[in-house]
Structures are given as C-alpha cells and as structure tokens.
Amino acid sequence: MRLLSRLAFAWRRFRLGLPLVVLLLPGCGASAFDVARQSLATGAALVRDTDVDLARGYTDASRIAYTQAVSAADYRAHMSDWDAVAAAQTATKAALLGAEAAVDAAEAADNEAGLFPILGCVAQALRHFTDALVEVGVPVPAAAASLVHALSQYTDCAQEVRR
Amino acid sequence: MSATEILKHVELGLRLVAGVVQAIVDGKDLRELRVADIIDDATQLELAKAAADERAKLKWPE
C-alpha cells in the first residue's frame, strides 16, 4: 500500500521517468532520497567531465582575445561567451552543493516532498550550464542531457512542477 | 508528451535505477556520495579564468 501511494504521489509530481525509479527502488532498499543523490552525482559528473575541455577552450580563447582586443572592455566583450560558461559552471557547482545540503535536511526530516523545490534549483542551474556549453561548442554528455531533459518539467528554482 | 520524450524519461529512470542499485550491490552508502568528492574545490576552468584575468589585468591595468 505504501508502495502504491508512493508511486501515485511520484506520478503526479514527476510524471514518468522517476516514478519508475520510485516503483523499482523500494524493493532494493533504496529511497527517493537515493535517487535525488544519484541525480546530483550525475550533475556533478557533468561539471567534472566537461571541465578540462572548458579550461582548454577558455585559455585558447583568452589568448586570441588578448592579442586582438584594444582595451579591457574589448577583451571582456571577446570573452563574453566563455565568461558566461565559467559563471554557469560556478553557479551549477554552488547549486549542487546547496541541493546536497538540502537533500540531507529533507532526508533527516523524512520529507520527500521537500525534494521538489530542490530539483527545481538544480534543473535551472543545469539548464543554464548546458546552454552555455552549447554556446561555446563543448558537447553535452548524453547522461547529463537526459537529466536536464527529465528535469525540464521544473520551471524555476523553488517552484512547483509545471502542470 | 511525445513517444521520444517518454522514452528519454524511461531511459533516465533506468540509468538512475542502475546507478543506485549498483551502489547498493557494491555496499556503498549513497549518503557518502558527495558532490565535493566529484568536483574539485577550484575547477580547471576557474583556474584558467583566473590566470587569463591576471594576464589581461597586467596588459590593461585599471
């Protein structure tokens, strides 16, 4: 009965992919909190796996801008796309660390509903980051693209699931 | 929701299930899977930006 209510609750909130998880996991001794942690780990892996390519791209772009720009403002203008991706990476890192602390708190309070606004914040940060990656031509790993797609039903940080 | 979107959601669900189940099989506690262990305190991109900013500041001092 608890399993059915969890599934119905998750179906209303998460639609499809995650209810499947919630259906399958209780028999394995896992919880929605475990799924949330796995989602955060997937987001963190996106930051880690794109980091070297981004650093190399940033350095190359900055060398070109350094020789072509005529002023500090001109340099920043040349670097605007790369600065945007750097800011998005920093914001994503902060969102993931903040979300992790929030998941810890939700789990300590046994509050599964508390996960939804957390996922909204993570979704927003990941969406900005992947958009910025595309702008500078760095490929988005498939697992991360799937995660961003699945979380796309969350509109903004701390908002409810779009109906 | 289109069939493609449904399949993507299912795919993600299965990926997450696989990850969580694998962690359980391996005897790992997912609470020990910390973001800070996956991402460095200072990323390579942040270091590259800091170095580039420093170089630019030397060329165009404020």
# chains A, B, ... in the order shown; residues from 1 in each chain; ligands from 1
>>> residues_around(residues="Ile38 of chain B", least_positions_apart="5", cutoff="10 Å", atoms="only C-alpha atoms", output="list in words")
Ala41, Thr42, Gly43, Ala44, Ala45, Leu46, Val47, Arg48 and Asp49 of chain A; Leu33 of chain B
>>> atom_distance(atom1="atom CA of Ala132 of chain A", atom2="atom CA of Val103 of chain A")
26.3 Å
>>> residues_around(residues="Tyr66 of chain A", least_positions_apart="3", cutoff="12 Å", atoms="only C-alpha atoms", output="PDB file with C-alpha atoms, in the first residue's frame")
ATOM      1  CA  TYR A  58      38.902  29.288 -22.216  1.00  0.00           C
ATOM      2  CA  THR A  59      42.692  29.538 -22.340  1.00  0.00           C
ATOM      3  CA  ASP A  60      42.757  29.379 -26.147  1.00  0.00           C
ATOM      4  CA  ALA A  61      40.006  31.988 -26.470  1.00  0.00           C
ATOM      5  CA  SER A  62      41.693  34.291 -23.969  1.00  0.00           C
ATOM      6  CA  ARG A  63      44.993  34.155 -25.892  1.00  0.00           C
ATOM      7  CA  ALA A  69      41.440  43.357 -28.022  1.00  0.00           C
ATOM      8  CA  VAL A  70      42.295  47.051 -27.748  1.00  0.00           C
ATOM      9  CA  SER A  71      41.044  47.626 -24.208  1.00  0.00           C
ATOM     10  CA  ALA A  72      39.927  45.761 -21.107  1.00  0.00           C
ATOM     11  CA  ALA A  73      36.297  46.264 -22.098  1.00  0.00           C
ATOM     12  CA  ASP A  74      37.009  44.955 -25.584  1.00  0.00           C
ATOM     13  CA  TYR A  75      38.756  41.921 -24.064  1.00  0.00           C
ATOM     14  CA  ARG A  76      35.720  41.182 -21.880  1.00  0.00           C
ATOM     15  CA  ALA A  77      33.465  41.523 -24.910  1.00  0.00           C
ATOM     16  CA  HIS A  78      35.584  38.988 -26.784  1.00  0.00           C
ATOM     17  CA  MET A  79      35.355  36.648 -23.820  1.00  0.00           C
TER      18      MET A  79
ATOM     19  CA  ALA B  52      43.663  34.801 -18.039  1.00  0.00           C
ATOM     20  CA  ASP B  53      42.143  37.620 -15.985  1.00  0.00           C
ATOM     21  CA  GLU B  54      45.500  38.218 -14.325  1.00  0.00           C
ATOM     22  CA  ARG B  55      47.231  38.410 -17.699  1.00  0.00           C
ATOM     23  CA  ALA B  56      44.618  40.843 -19.022  1.00  0.00           C
ATOM     24  CA  LYS B  57      44.892  42.984 -15.908  1.00  0.00           C
ATOM     25  CA  LEU B  58      48.635  43.351 -16.488  1.00  0.00           C
ATOM     26  CA  LYS B  59      48.072  44.470 -20.075  1.00  0.00           C
ATOM     27  CA  TRP B  60      45.195  46.843 -19.266  1.00  0.00           C
TER      28      TRP B  60
END
>>> closest_residue(among="A:Ile118, A:Val134, A:Asp104, A:Ala145", to="Asp81 of chain A", atoms="only C-alpha atoms")
A:Val134
>>> residues_around(residues="Ala95 of chain A", least_positions_apart="3", cutoff="7 Å", atoms="only C-alpha atoms", output="VMD selection string")
chain A and resid 91 to 92 98 to 99 121 to 122 125
>>> residues_around(residues="Leu97 of chain A", least_positions_apart="5", cutoff="9 Å", atoms="only C-alpha atoms", output="count of residues only")
6
>>> atom_distance(atom1="atom CA of Val52 of chain A", atom2="atom CA of Ala42 of chain B")
12.2 Å
